[in-house]
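Take a look at the structure below.
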2 protein chains.
Amino acid sequence: MTTLAALANHQVRLARRPSGNPVAQDWNFTTEAVGRPAAGGVLVRTLLLSLDPAMRGWMNDGKSYIAPVAIGEVMRAGGIGQVVASENPRFAAGDLVSGVLGVQEYALVEAGQEQRTGLHKIDTRLGTPAQWLNVLGMPGMTAYFGLKDVGQPRAGETVVVSGAAGAVGQTVGQLAKLKGCRVVGIAGGPAKCEWVVRELGLDACIDYKAGNVKAGLKQHCPKGVDVYFDNVGGEILDDVLARIGRGARIVICGAISQYNNTTPVQGPKNYLSLLVNRARMEGIVVFDYAERFPAAVAELSGYLKEGRIKSREDVMAGGIAAFPQALAKLFTGENFGKLVLHVADAS
Amino acid sequence: MTTLAALANHQVRLARRPSGNPVAQDWNFTTEAVGRPAAGGVLVRTLLLSLDPAMRGWMNDGKSYIAPVAIGEVMRAGGIGQVVASENPRFAAGDLVSGVLGVQEYALVEAGQEQRTGLHKIDTRLGTPAQWLNVLGMPGMTAYFGLKDVGQPRAGETVVVSGAAGAVGQTVGQLAKLKGCRVVGIAGGPAKCEWVVRELGLDACIDYKAGNVKAGLKQHCPKGVDVYFDNVGGEILDDVLARIGRGARIVICGAISQYNNTTPVQGPKNYLSLLVNRARMEGIVVFDYAERFPAAVAELSGYLKEGRIKSREDVMAGGIAAFPQALAKLFTGENFGKLVLHVADAS
């Protein structure tokens with residue numbers, strides 16, 4: 001066995017705050033010797049990293065629901081890893097774990113940092129490691145609580161979800177179908193739209209790259225929109241606002257169309273539709289529901305096993321070095337399913 | 001006594017749909033002979049008319065919470081009147097009534113139109129006729145239900161209200177104070193701001209005409225904003241969004257800054273603050289609460305009598321002919337308190 005001291009930890013650090021689309025100069029690649037865990041600590045080897053639109057926000061300065069990544073700091077990222085060495089009785093070498101590992105090959109989680117990093121063992125009987133970053137991970141939790149607690153769909157209502165083939169959207173759409181709703185997805189390109197309808201079972205999917213979202217909404221939501229789960233913001237949010245029905249609930253989960261803006265965010269000019277329709281628009285931050293994650297994971301893994309929901313991950317090769325390209329794929333919409341970066345195989 | 005047939009009914013009708021600020025050519029002044037009520041009908045003489053920002057919306061075509069005023073139709077307006085002749089057992093000559101009378105000197109409310117016009121007797125022991133168009137009328141009901149049911153303030157929270165010296169805002173601010181909140185108004189000019197603080201008892205009032213609303217919010221809402229009751233939209237909505245706290249509720253009651261736009265409505269570019277703060281923005285339409293109006297009127301008139309809330313009406317002279325100028329005053333913010341047009345005195 002290689003000694004820990006002989007292992008190199010390749011890392012990606014934030015070099016500066018990007019303006020618009022992140023570019024190569026925004027990153028520093030560094031190499032450190034791998035540390036040995038002190039009492040209470042755990043050393044984790046990164047296997048998979050999660051690529052999330054929210055990462056773009058973490059790179060900006062300013063108040064948000066979480067502190068920004070500092071300049072010079074290892075880029076924040078959730079991931080799946082395997083315990084290499086443990087001085088913590090809750091973890092043993094070989095365990096598969098999930099947590100905020102950062103964009104690096106090894107993460108040393110020191111005593112007392114378990115909670116901050118959300119480090120916990122994963123049970124691969126409930127789902128694959130990649131699914132633990134998708135439907136059983138933060139995207140799935142966001143979909144579950146955002147839809148149920150904030151969107152509150154009722155059977156027979158019409159639910160629209162943007163980013164319908166993406167990480168959060170795929171689970172939102174399927175959960176809304178299980179609830180007995182009419183569900184219309186919005187996604188980019190015919191391949192994603194076909195998958196959303198044929199594989200996920202949504203009633204329709206509007207290809208926003210083909211153009212007319214307004215007309216698609218009119219066609220597929222003849223009774224108006226009762227719940228809109230918004231992952232994209234921008235024009236599409238305005239198009240849906242123009243079609244909401246009385247008492248509609250709009251879940252603001254993200255606004256990927258706006259994250260690389262160098263101009264101010266595009267505010268929804270149709271927001272007065274909230275007034276006309278006595279509707280509401282409400283934000284969700286998934287961390288607020290952490291206590292209920294285990295129950296939601298159990299429910300979602302049950303659906304997976306029963307084949308009542310499906311999941312799709314887009315696993316990109318290339319390791320840590322490919323992180324900048326992987327992140328860029330998210331914003332061009334090239335990924336098809338939850339985007340995951342492969343870093344190493346489990347031993 | 002003059003016979004009814006000898007009476008002329010001067011009316012203001014919508015001549016065309018305005019673009020931006022309504023101008024003289026948008027109105028037609030007409031004169032009709034006063035009709036005699038048929039069985040079940042009531043003839044009402046208009047005493048006071050209510051001037052409301054919502055009127056501007058009623059003049060536009062398109063879907064809203066209420067049908068637009070048709071071209072050629074008498075302009076819609078709520079008002080206080082006195083029954084001149086009645087063939088309806090629920091009303092007698094001399095009764096003071098409130099309802100949608102229209103911008104005309106006499107309103108003939110035919111059998112079956114009572115509900116559509118909301119015609120009901122008013123009790124002047126509960127408040128003056130002008131107060132029945134203000135705190136005991138639609139503005140007061142909007143304030144009461146918008147604040148309580150949608151804003152849901154809790155004692156100790158910080159409430160901000162724009163249009164704080166206006167019809168809805170004056171009651172919102174005082175009800176929030178009664179609830180035990182820290183209340184900050186936003187109004188135009190030092191006279192209104194002084195009144196809001198000294199007479200209504202709000203904790204502070206920011207003069208938006210003097211400039212820096214952002215700085216005022218920072219100074220007067222050190223713990224952030226928990227409830228924002230928005231009557232104005234535009235930049236001020238964005239400034240408040242930048243200061244909301246976790247779980248904040250934004251009540252969308254109106255957007256007077258946007259009603260005369262010839263360009264699209266300015267969407268709130270800071271709407272993603274809803275996400276960061278797990279906050280919500282929700283619209284209110286007062287008619288939804290009609291069943292609960294009598295209880296709210298009783299509560300509010302009690303506060304008036306006990307001196308726990310005050311009301312201010314800006315009663316403009318000039319009768320029907322002055323309607324266009326009266327409406328314009330609303331949008332320049334020249335009115336100070338609930339704007340009411342005097343048409344005739346009670347007999």
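Letters for chains follow the order of the structure tokens (A, B, ...), residue numbers begin at 1 for each chain, and ligand numbers begin at 1 in the order shown.
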
(request) List every residue of stretch 83-242 of chain B that DSSP, applied to the backbone of this structure, assigns to helix (DSSP H, G or I), and report them as an NGL selection string. (result) :B and (114-117 or 131-133 or 138-151 or 167-178 or 190-198 or 208-210 or 213-220 or 234-241)

(request) Kindly provide, as a VMD selection string, the residues of chain B having any atom no farther than 10 Å from an atom of chain A, counting only C-alpha atoms. (result) chain B and resid 63 to 66 150 233 238 242 246 to 255 264 to 286 288

(message) So that I can see what lies close to B:His220, please list as a list of chain:residue names the residues with an atom at most 12 Å from it, counting only C-alpha atoms and leaving out residues fewer than 3 positions away in the same chain.
(response)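 With the cut-off at 12 Å, the set is B:Thr158, B:Val159, B:Val160, B:Arg182, B:Val183, B:Val184, B:Gly185, B:Ile186, B:Leu202, B:Asp203, B:Ala204, B:Cys205, B:Ile206, B:Val213, B:Lys214, B:Ala215, B:Gly216, B:Leu217, B:Lys223, B:Gly224, B:Val225, B:Val240, B:Arg243.
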
Go ahead and write the selection's residues with C-alpha atoms as a PDB file, in the first residue's frame.
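File selection_12.pdb, as written:
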```pdb
ATOM      1  CA  THR B 158     -40.040  44.853  10.744  1.00  0.00           C
ATOM      2  CA  VAL B 159     -42.755  45.907   8.297  1.00  0.00           C
ATOM      3  CA  VAL B 160     -42.152  48.328   5.420  1.00  0.00           C
ATOM      4  CA  ARG B 182     -41.406  48.035  13.885  1.00  0.00           C
ATOM      5  CA  VAL B 183     -42.951  49.909  10.949  1.00  0.00           C
ATOM      6  CA  VAL B 184     -41.165  51.995   8.347  1.00  0.00           C
ATOM      7  CA  GLY B 185     -43.104  53.948   5.736  1.00  0.00           C
ATOM      8  CA  ILE B 186     -41.998  55.181   2.345  1.00  0.00           C
ATOM      9  CA  LEU B 202     -44.830  54.833  12.402  1.00  0.00           C
ATOM     10  CA  ASP B 203     -41.250  54.402  13.563  1.00  0.00           C
ATOM     11  CA  ALA B 204     -39.743  56.129  10.545  1.00  0.00           C
ATOM     12  CA  CYS B 205     -40.655  57.296   7.077  1.00  0.00           C
ATOM     13  CA  ILE B 206     -38.317  57.445   4.084  1.00  0.00           C
ATOM     14  CA  VAL B 213     -34.332  54.784  -0.340  1.00  0.00           C
ATOM     15  CA  LYS B 214     -31.574  52.147  -0.049  1.00  0.00           C
ATOM     16  CA  ALA B 215     -29.748  54.126   2.622  1.00  0.00           C
ATOM     17  CA  GLY B 216     -32.987  54.846   4.459  1.00  0.00           C
ATOM     18  CA  LEU B 217     -33.882  51.165   4.540  1.00  0.00           C
ATOM     19  CA  LYS B 223     -32.504  43.699  11.190  1.00  0.00           C
ATOM     20  CA  GLY B 224     -33.789  43.505   7.630  1.00  0.00           C
ATOM     21  CA  VAL B 225     -37.361  43.595   6.355  1.00  0.00           C
ATOM     22  CA  VAL B 240     -36.567  46.523  -0.455  1.00  0.00           C
ATOM     23  CA  ARG B 243     -32.939  44.257   2.371  1.00  0.00           C
TER      24      ARG B 243
END
```

Where in stretch 92-296 of chain B does DSSP assign strand (DSSP E or B), given as a tab-separated table (two decimals) with N, CA and C atoms, in the first residue's frame?
```tsv
chain	number	residue	atom	x	y	z
B	96	LEU	N	-77.98	56.32	2.69
B	96	LEU	CA	-76.62	56.48	2.16
B	96	LEU	C	-76.10	55.09	1.80
B	97	VAL	N	-75.51	55.00	0.63
B	97	VAL	CA	-75.06	53.69	0.13
B	97	VAL	C	-73.64	53.80	-0.43
B	98	SER	N	-72.99	52.66	-0.52
B	98	SER	CA	-71.67	52.56	-1.15
B	98	SER	C	-71.77	51.51	-2.25
B	99	GLY	N	-71.02	51.70	-3.32
B	99	GLY	CA	-71.04	50.72	-4.40
B	99	GLY	C	-70.34	51.27	-5.63
B	100	VAL	N	-70.31	50.45	-6.67
B	100	VAL	CA	-69.69	50.88	-7.92
B	100	VAL	C	-70.72	51.72	-8.68
B	104	GLN	N	-70.41	59.35	-12.72
B	104	GLN	CA	-71.65	59.97	-13.19
B	104	GLN	C	-72.41	60.51	-11.97
B	106	TYR	N	-75.67	60.36	-11.39
B	106	TYR	CA	-76.74	59.47	-10.92
B	106	TYR	C	-76.45	58.05	-11.43
B	107	ALA	N	-76.68	57.10	-10.59
B	107	ALA	CA	-76.50	55.71	-11.01
B	107	ALA	C	-77.82	54.97	-10.83
B	108	LEU	N	-78.26	54.36	-11.91
B	108	LEU	CA	-79.48	53.56	-11.84
B	108	LEU	C	-79.05	52.10	-11.68
B	109	VAL	N	-79.26	51.58	-10.48
B	109	VAL	CA	-78.87	50.20	-10.21
B	109	VAL	C	-80.12	49.33	-10.39
B	120	HIS	N	-74.53	48.65	-1.07
B	120	HIS	CA	-74.95	48.34	0.31
B	120	HIS	C	-75.06	49.64	1.10
B	121	LYS	N	-75.94	49.60	2.08
B	121	LYS	CA	-76.11	50.79	2.93
B	121	LYS	C	-74.89	50.97	3.81
B	158	THR	N	-40.13	43.57	11.43
B	158	THR	CA	-40.04	44.85	10.74
B	158	THR	C	-40.92	44.82	9.49
B	159	VAL	N	-41.84	45.79	9.44
B	159	VAL	CA	-42.76	45.91	8.30
B	159	VAL	C	-42.44	47.20	7.56
B	160	VAL	N	-42.33	47.13	6.25
B	160	VAL	CA	-42.15	48.33	5.42
B	160	VAL	C	-43.37	48.46	4.52
B	161	VAL	N	-43.87	49.69	4.40
B	161	VAL	CA	-45.01	49.93	3.51
B	161	VAL	C	-44.71	51.13	2.63
B	162	SER	N	-44.89	50.96	1.32
B	162	SER	CA	-44.73	52.09	0.40
B	162	SER	C	-46.09	52.72	0.18
B	182	ARG	N	-42.14	46.83	14.26
B	182	ARG	CA	-41.41	48.04	13.89
B	182	ARG	C	-41.87	48.36	12.47
B	183	VAL	N	-42.35	49.60	12.25
B	183	VAL	CA	-42.95	49.91	10.95
B	183	VAL	C	-42.28	51.12	10.32
B	184	VAL	N	-41.84	50.93	9.09
B	184	VAL	CA	-41.16	52.00	8.35
B	184	VAL	C	-41.98	52.28	7.09
B	185	GLY	N	-42.36	53.54	6.93
B	185	GLY	CA	-43.10	53.95	5.74
B	185	GLY	C	-42.17	54.49	4.67
B	186	ILE	N	-42.68	54.49	3.45
B	186	ILE	CA	-42.00	55.18	2.35
B	186	ILE	C	-43.06	56.08	1.71
B	187	ALA	N	-42.77	57.37	1.60
B	187	ALA	CA	-43.75	58.30	1.04
B	187	ALA	C	-43.01	59.41	0.33
B	204	ALA	N	-40.55	55.29	11.44
B	204	ALA	CA	-39.74	56.13	10.54
B	204	ALA	C	-40.45	56.20	9.21
B	205	CYS	N	-40.11	57.21	8.43
B	205	CYS	CA	-40.65	57.30	7.08
B	205	CYS	C	-39.57	57.80	6.15
B	206	ILE	N	-39.36	57.10	5.06
B	206	ILE	CA	-38.32	57.45	4.08
B	206	ILE	C	-38.96	58.26	2.96
B	207	ASP	N	-38.40	59.44	2.71
B	207	ASP	CA	-38.91	60.30	1.64
B	207	ASP	C	-38.24	59.90	0.33
B	225	VAL	N	-35.93	43.38	6.54
B	225	VAL	CA	-37.36	43.59	6.36
B	225	VAL	C	-38.07	42.24	6.37
B	226	ASP	N	-39.04	42.09	7.24
B	226	ASP	CA	-39.79	40.82	7.32
B	226	ASP	C	-41.04	40.82	6.45
B	227	VAL	N	-41.71	41.97	6.42
B	227	VAL	CA	-42.91	42.09	5.58
B	227	VAL	C	-42.79	43.39	4.79
B	228	TYR	N	-42.99	43.31	3.49
B	228	TYR	CA	-43.05	44.52	2.68
B	228	TYR	C	-44.40	44.55	1.98
B	229	PHE	N	-45.14	45.61	2.22
B	229	PHE	CA	-46.44	45.80	1.58
B	229	PHE	C	-46.21	46.78	0.45
B	230	ASP	N	-46.24	46.28	-0.78
B	230	ASP	CA	-45.83	47.08	-1.94
B	230	ASP	C	-47.00	47.65	-2.70
B	244	ILE	N	-34.48	42.35	2.38
B	244	ILE	CA	-35.38	41.44	3.09
B	244	ILE	C	-34.59	40.42	3.91
B	245	GLY	N	-35.25	39.94	4.94
B	245	GLY	CA	-34.65	38.92	5.80
B	245	GLY	C	-35.20	37.55	5.45
B	246	ARG	N	-34.68	36.57	6.16
B	246	ARG	CA	-35.06	35.19	5.90
B	246	ARG	C	-36.55	34.98	6.15
B	247	GLY	N	-37.20	34.33	5.20
B	247	GLY	CA	-38.63	34.03	5.35
B	247	GLY	C	-39.53	35.24	5.16
B	248	ALA	N	-39.03	36.30	4.53
B	248	ALA	CA	-39.83	37.53	4.37
B	248	ALA	C	-41.04	37.30	3.46
B	249	ARG	N	-42.06	38.10	3.69
B	249	ARG	CA	-43.28	38.07	2.86
B	249	ARG	C	-43.46	39.42	2.19
B	250	ILE	N	-43.57	39.41	0.89
B	250	ILE	CA	-43.80	40.63	0.13
B	250	ILE	C	-45.22	40.57	-0.43
B	251	VAL	N	-46.02	41.55	-0.03
B	251	VAL	CA	-47.41	41.61	-0.49
B	251	VAL	C	-47.45	42.51	-1.72
B	252	ILE	N	-47.84	41.93	-2.85
B	252	ILE	CA	-47.95	42.74	-4.07
B	252	ILE	C	-49.39	43.23	-4.17
B	280	ARG	N	-41.15	34.99	0.09
B	280	ARG	CA	-42.16	34.87	-0.92
B	280	ARG	C	-42.78	36.22	-1.27
B	281	MET	N	-43.30	36.27	-2.48
B	281	MET	CA	-43.94	37.45	-3.02
B	281	MET	C	-45.31	36.99	-3.47
B	282	GLU	N	-46.35	37.66	-3.00
B	282	GLU	CA	-47.69	37.13	-3.26
B	282	GLU	C	-48.66	38.28	-3.54
B	283	GLY	N	-49.56	38.06	-4.48
B	283	GLY	CA	-50.50	39.10	-4.85
B	283	GLY	C	-51.79	39.03	-4.05
```

(message) Residues near A:Ala346, anyone? I mean within 12 Å using only C-alpha atoms, not counting same-chain ones fewer than 6 positions away, as a ChimeraX atom specification.
(response) /A:44-48,80-84,93-97,129

Given the selection you just returned, output its residues as a file containing N, CA, C and O atoms, formatted as a compact mmCIF listing (two decimals), in the first residue's frame.
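Dumped everything to part_12.txt:
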```
# COMPACT_ATOMS: atom_id res chain seq x y z
N VAL A 44 -10.55 11.38 2.87
CA VAL A 44 -11.46 10.83 1.86
C VAL A 44 -10.85 11.01 0.47
O VAL A 44 -10.35 12.10 0.14
N ARG A 45 -10.90 9.97 -0.34
CA ARG A 45 -10.48 10.11 -1.72
C ARG A 45 -11.72 10.42 -2.56
O ARG A 45 -12.74 9.72 -2.47
N THR A 46 -11.61 11.45 -3.37
CA THR A 46 -12.75 11.86 -4.20
C THR A 46 -12.95 10.87 -5.34
O THR A 46 -12.01 10.56 -6.08
N LEU A 47 -14.17 10.39 -5.51
CA LEU A 47 -14.50 9.50 -6.64
C LEU A 47 -15.28 10.26 -7.71
O LEU A 47 -14.96 10.20 -8.89
N LEU A 48 -16.30 10.97 -7.28
CA LEU A 48 -17.18 11.71 -8.20
C LEU A 48 -17.41 13.11 -7.63
O LEU A 48 -17.59 13.25 -6.42
N ILE A 80 -18.85 12.37 -4.01
CA ILE A 80 -18.84 11.04 -3.39
C ILE A 80 -17.38 10.63 -3.27
O ILE A 80 -16.61 10.83 -4.21
N GLY A 81 -17.02 10.10 -2.12
CA GLY A 81 -15.63 9.68 -1.92
C GLY A 81 -15.57 8.36 -1.18
O GLY A 81 -16.59 7.77 -0.81
N GLN A 82 -14.33 7.92 -1.01
CA GLN A 82 -14.12 6.69 -0.26
C GLN A 82 -13.11 6.99 0.85
O GLN A 82 -12.08 7.64 0.60
N VAL A 83 -13.42 6.53 2.04
CA VAL A 83 -12.54 6.80 3.17
C VAL A 83 -11.23 6.02 2.98
O VAL A 83 -11.23 4.81 2.75
N VAL A 84 -10.12 6.76 3.08
CA VAL A 84 -8.78 6.17 2.92
C VAL A 84 -8.21 5.86 4.31
O VAL A 84 -7.60 4.82 4.53
N ALA A 93 -11.99 2.93 6.94
CA ALA A 93 -11.36 2.87 5.62
C ALA A 93 -12.24 2.00 4.71
O ALA A 93 -12.74 0.95 5.12
N GLY A 94 -12.47 2.47 3.50
CA GLY A 94 -13.30 1.72 2.56
C GLY A 94 -14.73 2.23 2.47
O GLY A 94 -15.40 2.02 1.45
N ASP A 95 -15.20 2.93 3.49
CA ASP A 95 -16.58 3.44 3.46
C ASP A 95 -16.78 4.40 2.29
O ASP A 95 -15.92 5.24 2.00
N LEU A 96 -17.94 4.30 1.67
CA LEU A 96 -18.32 5.30 0.67
C LEU A 96 -19.08 6.41 1.39
O LEU A 96 -19.96 6.14 2.22
N VAL A 97 -18.71 7.65 1.08
CA VAL A 97 -19.30 8.80 1.78
C VAL A 97 -19.71 9.87 0.78
O VAL A 97 -19.22 9.91 -0.35
N PRO A 129 -23.50 5.34 -6.61
CA PRO A 129 -22.83 6.56 -6.16
C PRO A 129 -23.27 7.80 -6.96
O PRO A 129 -23.51 8.86 -6.39
```

(request) Go through A:Val42, A:Ile320, A:Leu14, A:Cys193 and flag the residue nearest A:Ser86, using only C-alpha atoms for the distances. (result) A:Val42
